[in-house]
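Working notes, beginning with the structure itself.
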Amino acid sequence: MKYRTIIEIKTDAEDKDEAMEIVGDYLSGNLISGVEMKCVTGPVSRINKNLLSIVLIFSLFSAVLVSAIFMVKPSNHIFSRVSCINAIQPPLKTSNATLSRDSDFKKEWEAKQQKQALDHIKKVP
């Protein structure tokens with residue numbers, strides 16, 4: 001991992017050249033006092049913050065553009081909106097209306113239930 005160190009040195013100097021000379025002497029170890037130094041070290045981010053900002057802004061803009069294209073007219077929707085879907089199911093054989101019409105169903109049902117009960121009893125040891 002890479003780290004960045006920022007050094008700030010404050011000196012009392014008459015001009016730029018004298019300040020650079022004092023800093024050179026201080027960093028080489030020839031000057032011990034009369035200089036105030038701050039040092040900050042931190043990791044270097046691998047992703048450029050400006051690039052990240054541009055990508056985020058572009059993706060936000062693209063999302064707004066796509067949603068605006070699909071919401072301009074309701075008739076342009078890809079998927080039609082269906083308020084409800086109805087299905088018709090025939091009446092079950094177990095309903096009361098069907099039982100009264102079909103007298104054999106009850107007999108068939110009881111015979112089937114008895115057969116299943118007997119098969120279950122035979123399987124149990």
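If you're wondering about the labels, chains in the structure tokens are A, B, ... by order shown, residues count from 1 in each chain, ligands from 1 in order shown.
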Inset, instruction - Considering only C-alpha atoms, return as a list in words whatever protein or nucleic-acid residues lie within 8 Å of stretch 1-16 of chain A, sequence-local ones (same chain, fewer than 6 positions apart) excluded. - result: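 Here the qualifying residues turn out to be Ile22, Val23, Gly34, Val35, Glu36, Met37, Lys38, Cys39, Val40, Thr41, Gly42, Pro43 and Val44 of chain A.
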Legend entry - One-decimal distance in Å that lies between atom CA of A:Pro90 and atom CA of A:Gln116: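 These atoms are spaced 26.6 Å apart.
Between atom CA of A:Leu65 and atom CA of A:Lys49 the interatomic distance comes to 24.2 Å.
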Legend entry - Two-atom distance - atom CA of A:Leu52, atom CA of A:Ala68 (Å):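 For atom CA of A:Leu52 relative to atom CA of A:Ala68, the distance reads 24.3 Å.
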